[in-house]
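All remarks here apply to the structure that follows.
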Amino acid sequence: MTLVFMVIWLVLTLAFCLVNSLYVGSIWPTVCYAALSGLVAVGFAVYEKTRRQRLLDDVQKALDGKDDFAARESGLAPLARQLRLKRGEEETRDRRVTESYRNLAALVSDIAHQCKTPLTATRMYAELLPPSAESAAIAQQASKLQFLLDALVKLSRCEGGLIEENVHPTKESVETLAAQALSAVVPEAERKNIVLSVEIPEGLTALLDMRWTAEALGTILDNAVKYAPEGSKITVSAQRYEQYVRLDILDEGPGIPEEELPEIWKRFYRGKTNRNASGVGIGLTLCRMIVQAQGGRVLCQNLEGGGCRFSIFLPAE
């Protein structure tokens, strides 16, 4: 429509200029016509812009499902109905998918809970048996089953927005957080003669969900102990800034290749040099989701001379 108007206006202007130059011989009629037609063109352009913006606003209202939406253009009402229908279908599908993930997570949790007692009993009886190849095989298979169940539980937590719904940050002690996370890795660290050092100011607090954040920190510490050489040192330190609390985990392990640093947070990613290590590659994914659900972030960088540093940033208040 705008293009047609511009073509008609250009043809009429040229015709008027030609007639004026041939029969009138004065420039003022041409100037007056040009000014008048220019005002008309500007007015038409403003009208077209306003109409298009109003049309976009109506479409956006249709997408948002606003009840006060009223189609001002005769051709827009069918489009609005289609948009509303599509939006309703998408919402229904999202609700079904979310509900399916919740049911799956609940099922996995129930299975893991029901299997915990027989697995514990199996491992205990295997330890009570006289040392033999059979007792060692039983203990090994029981450990594999426990590992698979733990991996399934972690994977189920990554789906369906379950973390966001269950994480509830409150003002908690960072020292208590570190103690809970470290308690799970102490036995393996002692077996490898790894020194665990804690440098956290007394009374330091942050906004966090203790149970979930301890699991996220424990994942990083477990990886640090797993890949650090025997006789090395792992340091957990913290410091407060104006808006956030920074929690650092430093190890003396082999580090992570620079090209792999952006990839380690992806689900099921395994480092090229550590594919034989235990794990399924969802621990750091879960860790990042937990921290982000609390308004924080987690980073990783290599240190000069070896090792790497994981940094968790949590809101201070």
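A note on labels: chains of the structure tokens are A, B, ... as shown, every chain counts residues from 1, and ligands are counted from 1 in their shown order.
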
For this session: Taking the chain letters and numbering used in this document, name the residues of stretch 70-312 of chain A that DSSP puts in strand (DSSP E or B), as an MDAnalysis selection string.
Result: chainID A and resid 170:173 195:199 205:208 233:240 244:250 297:302 308:312

Exercise. Can you tell me, as a ChimeraX atom specification, what residues are no more than 10 Å from A:Lys171 when counting only C-alpha atoms, ignoring any on the same chain fewer than 6 positions away?
Worked result: /A:205-210,315-317

For this session: Enter the distance from atom CA of A:Met289 to atom CA of A:Gly203, in Å, rounded to one decimal.
Result: 26.6 Å

Exercise. Leaving out A:Val291 and any residue of its chain fewer than 4 positions from it, which residues lie within 10 Å of it when counting only C-alpha atoms, given as number ranges by chain?
Worked result: A: 163, 167, 208-209, 212-213, 216-217, 286-287, 295-298, 312-314

Problem set entry | Contacts of A:Ala126 at 7 Å (only C-alpha atoms; same-chain gap of 4+ positions) as a PyMOL selection string | chain A and resi 122+135+138-139

Using N, CA and C atoms, can you write the selected residues to a file as a tab-separated table (two decimals), in the first residue's frame?
chain	number	residue	atom	x	y	z
A	122	THR	N	23.39	-56.48	51.19
A	122	THR	CA	24.25	-57.29	50.33
A	122	THR	C	25.71	-56.94	50.53
A	135	SER	N	33.15	-63.31	47.15
A	135	SER	CA	32.73	-62.18	47.98
A	135	SER	C	33.14	-60.85	47.36
A	138	ILE	N	30.68	-60.10	44.58
A	138	ILE	CA	29.40	-59.64	45.11
A	138	ILE	C	29.48	-58.16	45.51
A	139	ALA	N	30.54	-57.81	46.22
A	139	ALA	CA	30.71	-56.42	46.65
A	139	ALA	C	30.86	-55.49	45.46

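Take atom CA of A:Thr219 and atom CA of A:Leu284: the distance between them is 6.9 Å.
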
Exercise. So how far away is atom CA of A:Glu164 from atom CA of A:Asp94, in Å?
Worked result: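 Distance reported for this atom pair: 15.9 Å.
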
For this session: Could you give me, as number ranges by chain, each residue of stretch 70-300 of chain A that DSSP assigns to helix (DSSP H, G or I) when run on this structure's backbone?
Result: A: 76-128, 133-157, 162-166, 174-183, 186-191, 210-227, 258-260, 283-293

For this session: Find the residues around A:Pro201 up to 12 Å (only C-alpha atoms counted), leave out those fewer than 6 positions away in its own chain, and share them as a list in words.
Result: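 Those residues are Ser173, Val174, Glu175, Thr176, Ala178, Val236, Ser237, Ala238, Gln239, Arg240, Val245, Arg246 and Leu247 of chain A.
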
Contacts of stretch 249-260 of chain A at 12 Å (only C-alpha atoms; same-chain gap of 3+ positions) as a CSV table (one decimal) with all heavy atoms, in the first residue's frame:
chain,number,residue,atom,x,y,z
A,178,ALA,N,30.4,-26.1,53.9
A,178,ALA,CA,31.6,-26.7,53.6
A,178,ALA,C,31.8,-28.0,54.4
A,178,ALA,O,32.3,-29.0,53.8
A,178,ALA,CB,32.8,-25.8,53.8
A,181,ALA,N,29.6,-30.8,52.9
A,181,ALA,CA,30.2,-31.3,51.6
A,181,ALA,C,31.4,-32.1,51.8
A,181,ALA,O,31.7,-33.1,51.1
A,181,ALA,CB,30.4,-30.1,50.6
A,182,LEU,N,32.3,-31.6,52.7
A,182,LEU,CA,33.6,-32.3,52.9
A,182,LEU,C,33.5,-33.7,53.5
A,182,LEU,O,34.3,-34.6,53.3
A,182,LEU,CB,34.5,-31.4,53.7
A,182,LEU,CG,35.1,-30.2,53.0
A,182,LEU,CD1,35.7,-29.3,54.0
A,182,LEU,CD2,36.2,-30.7,52.0
A,194,ILE,N,45.3,-37.3,50.6
A,194,ILE,CA,45.1,-35.9,50.1
A,194,ILE,C,44.7,-35.0,51.3
A,194,ILE,O,43.9,-35.4,52.2
A,194,ILE,CB,44.0,-35.9,49.1
A,194,ILE,CG1,44.4,-36.6,47.8
A,194,ILE,CG2,43.5,-34.4,48.8
A,194,ILE,CD1,43.3,-36.7,46.8
A,195,VAL,N,45.4,-33.9,51.4
A,195,VAL,CA,45.1,-32.9,52.5
A,195,VAL,C,44.0,-32.0,52.2
A,195,VAL,O,44.0,-31.4,51.1
A,195,VAL,CB,46.4,-32.1,52.8
A,195,VAL,CG1,46.1,-31.1,54.0
A,195,VAL,CG2,47.5,-33.0,53.2
A,196,LEU,N,43.0,-32.0,53.0
A,196,LEU,CA,41.8,-31.1,52.8
A,196,LEU,C,42.0,-29.9,53.7
A,196,LEU,O,42.0,-30.0,55.0
A,196,LEU,CB,40.5,-31.8,53.2
A,196,LEU,CG,40.2,-33.0,52.3
A,196,LEU,CD1,38.9,-33.7,52.8
A,196,LEU,CD2,40.0,-32.7,50.8
A,197,SER,N,42.0,-28.7,53.1
A,197,SER,CA,42.2,-27.4,53.8
A,197,SER,C,41.0,-26.5,53.7
A,197,SER,O,40.5,-26.4,52.6
A,197,SER,CB,43.5,-26.7,53.4
A,197,SER,OG,43.7,-25.5,54.0
A,198,VAL,N,40.6,-25.9,54.8
A,198,VAL,CA,39.4,-25.0,54.8
A,198,VAL,C,39.9,-23.6,55.3
A,198,VAL,O,40.4,-23.5,56.3
A,198,VAL,CB,38.3,-25.6,55.6
A,198,VAL,CG1,37.1,-24.6,55.6
A,198,VAL,CG2,37.9,-27.0,55.2
A,199,GLU,N,39.6,-22.6,54.4
A,199,GLU,CA,39.9,-21.2,54.8
A,199,GLU,C,38.7,-20.4,54.6
A,199,GLU,O,38.5,-19.7,53.6
A,199,GLU,CB,41.1,-20.7,53.9
A,199,GLU,CG,42.3,-21.6,54.0
A,199,GLU,CD,43.4,-21.2,53.0
A,199,GLU,OE1,43.1,-20.2,52.3
A,199,GLU,OE2,44.5,-21.8,53.0
A,200,ILE,N,37.8,-20.4,55.6
A,200,ILE,CA,36.5,-19.7,55.5
A,200,ILE,C,36.4,-18.8,56.7
A,200,ILE,O,36.5,-19.3,57.9
A,200,ILE,CB,35.3,-20.7,55.5
A,200,ILE,CG1,35.4,-21.6,54.2
A,200,ILE,CG2,34.0,-19.9,55.5
A,200,ILE,CD1,34.3,-22.6,54.1
A,216,ALA,N,25.8,-29.8,45.4
A,216,ALA,CA,26.6,-29.2,44.3
A,216,ALA,C,28.0,-29.1,44.7
A,216,ALA,O,28.9,-29.4,43.9
A,216,ALA,CB,26.0,-27.8,44.0
A,217,LEU,N,28.3,-28.6,45.9
A,217,LEU,CA,29.7,-28.5,46.3
A,217,LEU,C,30.4,-29.8,46.4
A,217,LEU,O,31.5,-30.0,46.1
A,217,LEU,CB,29.8,-27.7,47.6
A,217,LEU,CG,31.1,-27.5,48.3
A,217,LEU,CD1,32.1,-26.8,47.3
A,217,LEU,CD2,31.0,-26.8,49.6
A,218,GLY,N,29.6,-30.8,46.9
A,218,GLY,CA,30.1,-32.2,47.1
A,218,GLY,C,30.5,-32.8,45.7
A,218,GLY,O,31.5,-33.5,45.6
A,219,THR,N,29.8,-32.4,44.7
A,219,THR,CA,30.1,-32.9,43.3
A,219,THR,C,31.5,-32.4,42.9
A,219,THR,O,32.3,-33.2,42.3
A,219,THR,CB,29.1,-32.5,42.3
A,219,THR,OG1,27.8,-33.1,42.7
A,219,THR,CG2,29.4,-33.0,40.9
A,220,ILE,N,31.7,-31.1,43.1
A,220,ILE,CA,33.0,-30.6,42.7
A,220,ILE,C,34.2,-31.2,43.6
A,220,ILE,O,35.2,-31.5,43.0
A,220,ILE,CB,33.0,-29.0,42.9
A,220,ILE,CG1,31.9,-28.4,42.0
A,220,ILE,CG2,34.4,-28.4,42.6
A,220,ILE,CD1,31.8,-26.9,42.1
A,221,LEU,N,33.9,-31.3,44.9
A,221,LEU,CA,34.9,-31.9,45.7
A,221,LEU,C,35.2,-33.4,45.4
A,221,LEU,O,36.4,-33.8,45.4
A,221,LEU,CB,34.5,-31.8,47.2
A,221,LEU,CG,34.5,-30.4,47.8
A,221,LEU,CD1,33.9,-30.4,49.2
A,221,LEU,CD2,36.0,-29.9,47.9
A,222,ASP,N,34.2,-34.1,45.0
A,222,ASP,CA,34.3,-35.5,44.6
A,222,ASP,C,35.2,-35.6,43.4
A,222,ASP,O,36.1,-36.5,43.3
A,222,ASP,CB,33.0,-36.1,44.4
A,222,ASP,CG,33.1,-37.6,44.0
A,222,ASP,OD1,33.4,-38.4,44.9
A,222,ASP,OD2,32.8,-37.9,42.9
A,223,ASN,N,35.0,-34.7,42.4
A,223,ASN,CA,35.8,-34.7,41.2
A,223,ASN,C,37.2,-34.4,41.5
A,223,ASN,O,38.2,-34.9,41.0
A,223,ASN,CB,35.2,-33.8,40.2
A,223,ASN,CG,34.0,-34.3,39.5
A,223,ASN,OD1,33.7,-35.5,39.5
A,223,ASN,ND2,33.2,-33.4,38.9
A,224,ALA,N,37.4,-33.4,42.4
A,224,ALA,CA,38.8,-33.0,42.8
A,224,ALA,C,39.5,-34.1,43.5
A,224,ALA,O,40.7,-34.3,43.1
A,224,ALA,CB,38.7,-31.8,43.8
A,225,VAL,N,38.9,-34.8,44.4
A,225,VAL,CA,39.5,-36.0,45.0
A,225,VAL,C,39.8,-37.1,44.0
A,225,VAL,O,40.8,-37.8,44.0
A,225,VAL,CB,38.7,-36.5,46.2
A,225,VAL,CG1,39.2,-37.8,46.8
A,225,VAL,CG2,38.6,-35.4,47.3
A,226,LYS,N,38.9,-37.3,43.1
A,226,LYS,CA,39.0,-38.4,42.1
A,226,LYS,C,40.2,-38.2,41.2
A,226,LYS,O,40.9,-39.1,40.9
A,226,LYS,CB,37.7,-38.4,41.3
A,226,LYS,CG,37.6,-39.6,40.3
A,226,LYS,CD,36.4,-39.5,39.5
A,226,LYS,CE,35.1,-39.5,40.3
A,226,LYS,NZ,33.9,-39.5,39.4
A,227,TYR,N,40.4,-36.9,40.8
A,227,TYR,CA,41.4,-36.7,39.8
A,227,TYR,C,42.7,-36.2,40.3
A,227,TYR,O,43.7,-36.1,39.6
A,227,TYR,CB,40.9,-35.7,38.7
A,227,TYR,CG,39.7,-36.3,37.9
A,227,TYR,CD1,38.5,-35.6,38.0
A,227,TYR,CD2,39.8,-37.4,37.1
A,227,TYR,CE1,37.4,-36.1,37.3
A,227,TYR,CE2,38.8,-37.9,36.5
A,227,TYR,CZ,37.5,-37.3,36.6
A,227,TYR,OH,36.4,-37.8,35.9
A,228,ALA,N,42.7,-35.7,41.6
A,228,ALA,CA,44.0,-35.2,42.2
A,228,ALA,C,45.0,-36.3,42.5
A,228,ALA,O,44.6,-37.4,42.9
A,228,ALA,CB,43.6,-34.5,43.5
A,229,PRO,N,46.2,-36.1,42.3
A,229,PRO,CA,47.2,-37.1,42.6
A,229,PRO,C,47.4,-37.4,44.1
A,229,PRO,O,47.0,-36.5,45.0
A,229,PRO,CB,48.5,-36.5,42.1
A,229,PRO,CG,48.3,-35.0,42.1
A,229,PRO,CD,46.9,-34.8,41.8
A,230,GLU,N,47.9,-38.5,44.5
A,230,GLU,CA,48.0,-38.9,45.9
A,230,GLU,C,49.0,-37.9,46.5
A,230,GLU,O,50.0,-37.5,45.9
A,230,GLU,CB,48.5,-40.3,46.0
A,230,GLU,CG,47.5,-41.4,45.6
A,230,GLU,CD,48.0,-42.8,45.9
A,230,GLU,OE1,49.0,-42.9,46.6
A,230,GLU,OE2,47.3,-43.7,45.5
A,231,GLY,N,48.8,-37.6,47.8
A,231,GLY,CA,49.6,-36.7,48.5
A,231,GLY,C,49.5,-35.2,48.2
A,231,GLY,O,50.3,-34.4,48.6
A,232,SER,N,48.5,-34.9,47.4
A,232,SER,CA,48.3,-33.5,47.0
A,232,SER,C,47.4,-32.8,48.0
A,232,SER,O,47.1,-33.3,49.1
A,232,SER,CB,47.7,-33.4,45.6
A,232,SER,OG,46.4,-34.0,45.6
A,233,LYS,N,47.0,-31.6,47.7
A,233,LYS,CA,46.2,-30.7,48.6
A,233,LYS,C,45.0,-30.1,47.9
A,233,LYS,O,45.1,-29.7,46.7
A,233,LYS,CB,47.1,-29.6,49.2
A,233,LYS,CG,46.4,-28.7,50.2
A,233,LYS,CD,47.3,-27.6,50.7
A,233,LYS,CE,46.6,-26.7,51.7
A,233,LYS,NZ,47.6,-25.6,52.2
A,234,ILE,N,43.9,-30.1,48.6
A,234,ILE,CA,42.6,-29.5,48.1
A,234,ILE,C,42.2,-28.4,49.1
A,234,ILE,O,42.1,-28.7,50.3
A,234,ILE,CB,41.5,-30.5,47.9
A,234,ILE,CG1,41.9,-31.5,46.8
A,234,ILE,CG2,40.2,-29.8,47.5
A,234,ILE,CD1,40.9,-32.6,46.6
A,235,THR,N,42.0,-27.2,48.6
A,235,THR,CA,41.7,-26.1,49.5
A,235,THR,C,40.3,-25.6,49.2
A,235,THR,O,39.9,-25.3,48.0
A,235,THR,CB,42.7,-25.0,49.3
A,235,THR,OG1,44.0,-25.5,49.6
A,235,THR,CG2,42.4,-23.8,50.3
A,236,VAL,N,39.5,-25.4,50.2
A,236,VAL,CA,38.2,-24.8,50.1
A,236,VAL,C,38.3,-23.4,50.8
A,236,VAL,O,38.5,-23.4,52.0
A,236,VAL,CB,37.1,-25.6,50.7
A,236,VAL,CG1,35.7,-25.0,50.6
A,236,VAL,CG2,37.1,-27.0,50.1
A,237,SER,N,38.1,-22.3,50.1
A,237,SER,CA,38.1,-21.0,50.7
A,237,SER,C,36.9,-20.2,50.3
A,237,SER,O,36.2,-20.5,49.4
A,237,SER,CB,39.4,-20.3,50.2
A,237,SER,OG,39.4,-20.1,48.8
A,238,ALA,N,36.7,-19.1,51.0
A,238,ALA,CA,35.5,-18.3,50.8
A,238,ALA,C,35.8,-16.9,51.1
A,238,ALA,O,36.6,-16.6,52.1
A,238,ALA,CB,34.3,-18.8,51.5
A,246,ARG,N,31.8,-15.6,47.4
A,246,ARG,CA,32.6,-16.5,46.5
A,246,ARG,C,33.2,-17.7,47.2
A,246,ARG,O,33.9,-17.5,48.2
A,246,ARG,CB,33.6,-15.7,45.8
A,246,ARG,CG,34.6,-16.5,44.9
A,246,ARG,CD,35.5,-15.6,44.1
A,246,ARG,NE,36.5,-16.4,43.4
A,246,ARG,CZ,37.3,-15.8,42.5
A,246,ARG,NH1,37.3,-14.5,42.2
A,246,ARG,NH2,38.2,-16.6,41.8
A,263,GLU,N,32.7,-27.1,27.8
A,263,GLU,CA,31.9,-28.4,27.5
A,263,GLU,C,31.6,-29.1,28.8
A,263,GLU,O,30.7,-30.0,28.8
A,263,GLU,CB,32.7,-29.3,26.6
A,263,GLU,CG,33.2,-28.6,25.3
A,263,GLU,CD,32.0,-28.2,24.4
A,263,GLU,OE1,31.0,-28.9,24.4
A,263,GLU,OE2,32.2,-27.2,23.7
A,264,ILE,N,32.4,-28.9,29.9
A,264,ILE,CA,32.2,-29.8,31.1
A,264,ILE,C,30.9,-29.6,31.7
A,264,ILE,O,30.5,-30.5,32.5
A,264,ILE,CB,33.3,-29.5,32.1
A,264,ILE,CG1,33.2,-28.0,32.6
A,264,ILE,CG2,34.7,-29.7,31.5
A,264,ILE,CD1,34.2,-27.7,33.7
A,265,TRP,N,30.1,-28.5,31.4
A,265,TRP,CA,28.8,-28.3,32.1
A,265,TRP,C,27.7,-29.0,31.3
A,265,TRP,O,26.6,-29.0,31.7
A,265,TRP,CB,28.5,-26.8,32.2
A,265,TRP,CG,29.7,-26.1,32.8
A,265,TRP,CD1,30.5,-25.3,32.2
A,265,TRP,CD2,30.0,-26.1,34.2
A,265,TRP,NE1,31.4,-24.7,33.1
A,265,TRP,CE2,31.1,-25.2,34.3
A,265,TRP,CE3,29.5,-26.7,35.3
A,265,TRP,CZ2,31.8,-25.0,35.5
A,265,TRP,CZ3,30.1,-26.4,36.5
A,265,TRP,CH2,31.2,-25.6,36.6
A,266,LYS,N,28.0,-29.6,30.1
A,266,LYS,CA,27.0,-30.2,29.3
A,266,LYS,C,26.7,-31.6,29.9
A,266,LYS,O,27.6,-32.3,30.4
A,266,LYS,CB,27.5,-30.3,27.9
A,266,LYS,CG,27.6,-29.0,27.2
A,266,LYS,CD,28.0,-29.1,25.7
A,266,LYS,CE,28.2,-27.8,25.0
A,266,LYS,NZ,28.6,-28.0,23.6
A,269,TYR,N,28.7,-35.1,29.3
A,269,TYR,CA,30.0,-34.9,28.7
A,269,TYR,C,31.1,-35.5,29.5
A,269,TYR,O,31.1,-35.4,30.8
A,269,TYR,CB,30.3,-33.4,28.5
A,269,TYR,CG,31.6,-33.1,27.9
A,269,TYR,CD1,31.8,-33.2,26.5
A,269,TYR,CD2,32.7,-32.8,28.7
A,269,TYR,CE1,33.0,-32.9,25.9
A,269,TYR,CE2,34.0,-32.6,28.1
A,269,TYR,CZ,34.1,-32.6,26.7
A,269,TYR,OH,35.3,-32.4,26.1
A,270,ARG,N,32.0,-36.2,28.9
A,270,ARG,CA,33.1,-36.8,29.6
A,270,ARG,C,34.4,-36.3,28.9
A,270,ARG,O,34.5,-36.3,27.7
A,270,ARG,CB,33.1,-38.4,29.5
A,270,ARG,CG,31.8,-39.0,30.0
A,270,ARG,CD,31.7,-38.8,31.5
A,270,ARG,NE,32.8,-39.2,32.3
A,270,ARG,CZ,33.1,-40.5,32.6
A,270,ARG,NH1,32.2,-41.4,32.3
A,270,ARG,NH2,34.1,-40.8,33.3
A,271,GLY,N,35.4,-35.9,29.7
A,271,GLY,CA,36.6,-35.4,29.2
A,271,GLY,C,37.3,-36.5,28.4
A,271,GLY,O,37.3,-37.7,28.7
A,272,LYS,N,38.0,-36.0,27.4
A,272,LYS,CA,38.7,-37.0,26.4
A,272,LYS,C,39.8,-37.8,27.1
A,272,LYS,O,40.0,-38.9,26.8
A,272,LYS,CB,39.3,-36.2,25.3
A,272,LYS,CG,38.2,-35.5,24.4
A,272,LYS,CD,38.9,-34.7,23.3
A,272,LYS,CE,37.8,-34.0,22.5
A,272,LYS,NZ,38.4,-33.2,21.4
A,273,THR,N,40.4,-37.2,28.2
A,273,THR,CA,41.5,-37.9,28.9
A,273,THR,C,41.0,-38.7,30.1
A,273,THR,O,41.8,-39.4,30.7
A,273,THR,CB,42.6,-36.9,29.3
A,273,THR,OG1,42.0,-35.9,30.1
A,273,THR,CG2,43.2,-36.2,28.1
A,274,ASN,N,39.7,-38.6,30.4
A,274,ASN,CA,39.2,-39.2,31.6
A,274,ASN,C,38.0,-40.1,31.4
A,274,ASN,O,37.1,-40.2,32.2
A,274,ASN,CB,38.8,-38.1,32.7
A,274,ASN,CG,40.0,-37.3,33.0
A,274,ASN,OD1,41.1,-37.8,33.3
A,274,ASN,ND2,39.8,-36.0,33.1
A,298,VAL,N,28.5,-20.6,38.6
A,298,VAL,CA,29.7,-21.4,38.9
A,298,VAL,C,30.6,-21.3,37.7
A,298,VAL,O,30.2,-21.4,36.6
A,298,VAL,CB,29.3,-22.8,39.3
A,298,VAL,CG1,28.5,-23.5,38.2
A,298,VAL,CG2,30.5,-23.6,39.6
A,299,LEU,N,31.9,-21.1,38.0
A,299,LEU,CA,32.9,-21.0,36.9
A,299,LEU,C,34.1,-22.0,37.2
A,299,LEU,O,34.2,-22.5,38.3
A,299,LEU,CB,33.5,-19.6,36.8
A,299,LEU,CG,32.4,-18.5,36.6
A,299,LEU,CD1,33.1,-17.1,36.8
A,299,LEU,CD2,31.8,-18.6,35.3
A,300,CYS,N,34.9,-22.2,36.2
A,300,CYS,CA,36.0,-23.1,36.3
A,300,CYS,C,37.2,-22.5,35.5
A,300,CYS,O,36.9,-22.0,34.4
A,300,CYS,CB,35.7,-24.5,35.9
A,300,CYS,SG,37.2,-25.6,35.9
A,301,GLN,N,38.4,-22.5,36.0
A,301,GLN,CA,39.5,-22.0,35.3
A,301,GLN,C,40.8,-22.8,35.8
A,301,GLN,O,40.9,-23.2,36.9
A,301,GLN,CB,39.7,-20.5,35.4
A,301,GLN,CG,40.0,-20.1,36.9
A,301,GLN,CD,40.2,-18.6,37.0
A,301,GLN,OE1,39.7,-18.0,37.9
A,301,GLN,NE2,40.8,-18.0,36.1
A,302,ASN,N,41.7,-23.0,34.9
A,302,ASN,CA,43.0,-23.7,35.2
A,302,ASN,C,43.9,-22.7,35.9
A,302,ASN,O,43.8,-21.5,35.7
A,302,ASN,CB,43.6,-24.2,33.9
A,302,ASN,CG,42.9,-25.4,33.3
A,302,ASN,OD1,42.5,-26.3,34.0
A,302,ASN,ND2,42.7,-25.3,32.0
A,303,LEU,N,44.7,-23.3,36.8
A,303,LEU,CA,45.7,-22.5,37.5
A,303,LEU,C,47.1,-22.6,36.9
A,303,LEU,O,47.4,-23.7,36.3
A,303,LEU,CB,45.7,-23.0,39.0
A,303,LEU,CG,44.4,-22.9,39.8
A,303,LEU,CD1,44.6,-23.5,41.1
A,303,LEU,CD2,44.0,-21.4,39.9
A,304,GLU,N,47.9,-21.6,37.0
A,304,GLU,CA,49.3,-21.7,36.6
A,304,GLU,C,50.0,-22.7,37.4
A,304,GLU,O,50.0,-22.6,38.6
A,304,GLU,CB,49.9,-20.3,36.6
A,304,GLU,CG,49.3,-19.3,35.7
A,304,GLU,CD,50.1,-17.9,35.8
A,304,GLU,OE1,51.1,-17.9,36.5
A,304,GLU,OE2,49.6,-17.0,35.1
A,305,GLY,N,50.7,-23.6,36.8
A,305,GLY,CA,51.5,-24.6,37.5
A,305,GLY,C,50.7,-25.8,37.7
A,305,GLY,O,51.3,-26.8,38.3
A,306,GLY,N,49.5,-25.9,37.3
A,306,GLY,CA,48.7,-27.2,37.4
A,306,GLY,C,47.5,-27.0,38.3
A,306,GLY,O,47.5,-26.1,39.2
A,307,GLY,N,46.6,-27.9,38.1
A,307,GLY,CA,45.4,-27.8,39.0
A,307,GLY,C,44.3,-26.9,38.4
A,307,GLY,O,44.6,-26.2,37.4
A,308,CYS,N,43.2,-26.8,39.0
A,308,CYS,CA,42.1,-25.9,38.5
A,308,CYS,C,41.4,-25.4,39.7
A,308,CYS,O,41.5,-25.9,40.9
A,308,CYS,CB,41.2,-26.6,37.5
A,308,CYS,SG,40.2,-27.9,38.2
A,309,ARG,N,40.6,-24.3,39.5
A,309,ARG,CA,39.8,-23.7,40.5
A,309,ARG,C,38.4,-23.6,40.1
A,309,ARG,O,38.0,-23.0,39.1
A,309,ARG,CB,40.4,-22.3,40.8
A,309,ARG,CG,39.5,-21.5,41.8
A,309,ARG,CD,40.1,-20.2,42.2
A,309,ARG,NE,40.4,-19.4,41.0
A,309,ARG,CZ,41.3,-18.4,41.0
A,309,ARG,NH1,42.1,-18.3,42.0
A,309,ARG,NH2,41.5,-17.7,39.9
A,310,PHE,N,37.5,-24.2,40.9
A,310,PHE,CA,36.0,-24.0,40.7
A,310,PHE,C,35.6,-22.9,41.6
A,310,PHE,O,35.9,-22.9,42.8
A,310,PHE,CB,35.3,-25.3,41.0
A,310,PHE,CG,35.3,-26.3,39.9
A,310,PHE,CD1,36.4,-27.1,39.7
A,310,PHE,CD2,34.3,-26.4,38.9
A,310,PHE,CE1,36.5,-28.1,38.7
A,310,PHE,CE2,34.3,-27.3,37.9
A,310,PHE,CZ,35.4,-28.1,37.8
A,311,SER,N,34.8,-22.0,41.1
A,311,SER,CA,34.3,-20.8,41.9
A,311,SER,C,32.8,-20.8,41.9
A,311,SER,O,32.2,-20.8,40.8
A,311,SER,CB,34.8,-19.5,41.4
A,311,SER,OG,36.3,-19.5,41.5
A,312,ILE,N,32.2,-20.9,43.1
A,312,ILE,CA,30.7,-20.8,43.2
A,312,ILE,C,30.4,-19.4,43.8
A,312,ILE,O,30.9,-19.0,44.8
A,312,ILE,CB,30.2,-21.9,44.1
A,312,ILE,CG1,30.5,-23.3,43.5
A,312,ILE,CG2,28.7,-21.7,44.3
A,312,ILE,CD1,30.0,-24.4,44.4
A,313,PHE,N,29.5,-18.7,43.1
A,313,PHE,CA,29.1,-17.4,43.5
A,313,PHE,C,27.6,-17.5,44.0
A,313,PHE,O,26.8,-17.9,43.2
A,313,PHE,CB,29.2,-16.3,42.4
A,313,PHE,CG,30.6,-16.1,41.9
A,313,PHE,CD1,31.2,-17.0,40.9
A,313,PHE,CD2,31.4,-15.1,42.4
A,313,PHE,CE1,32.5,-16.8,40.5
A,313,PHE,CE2,32.7,-14.9,41.9
A,313,PHE,CZ,33.2,-15.8,41.0
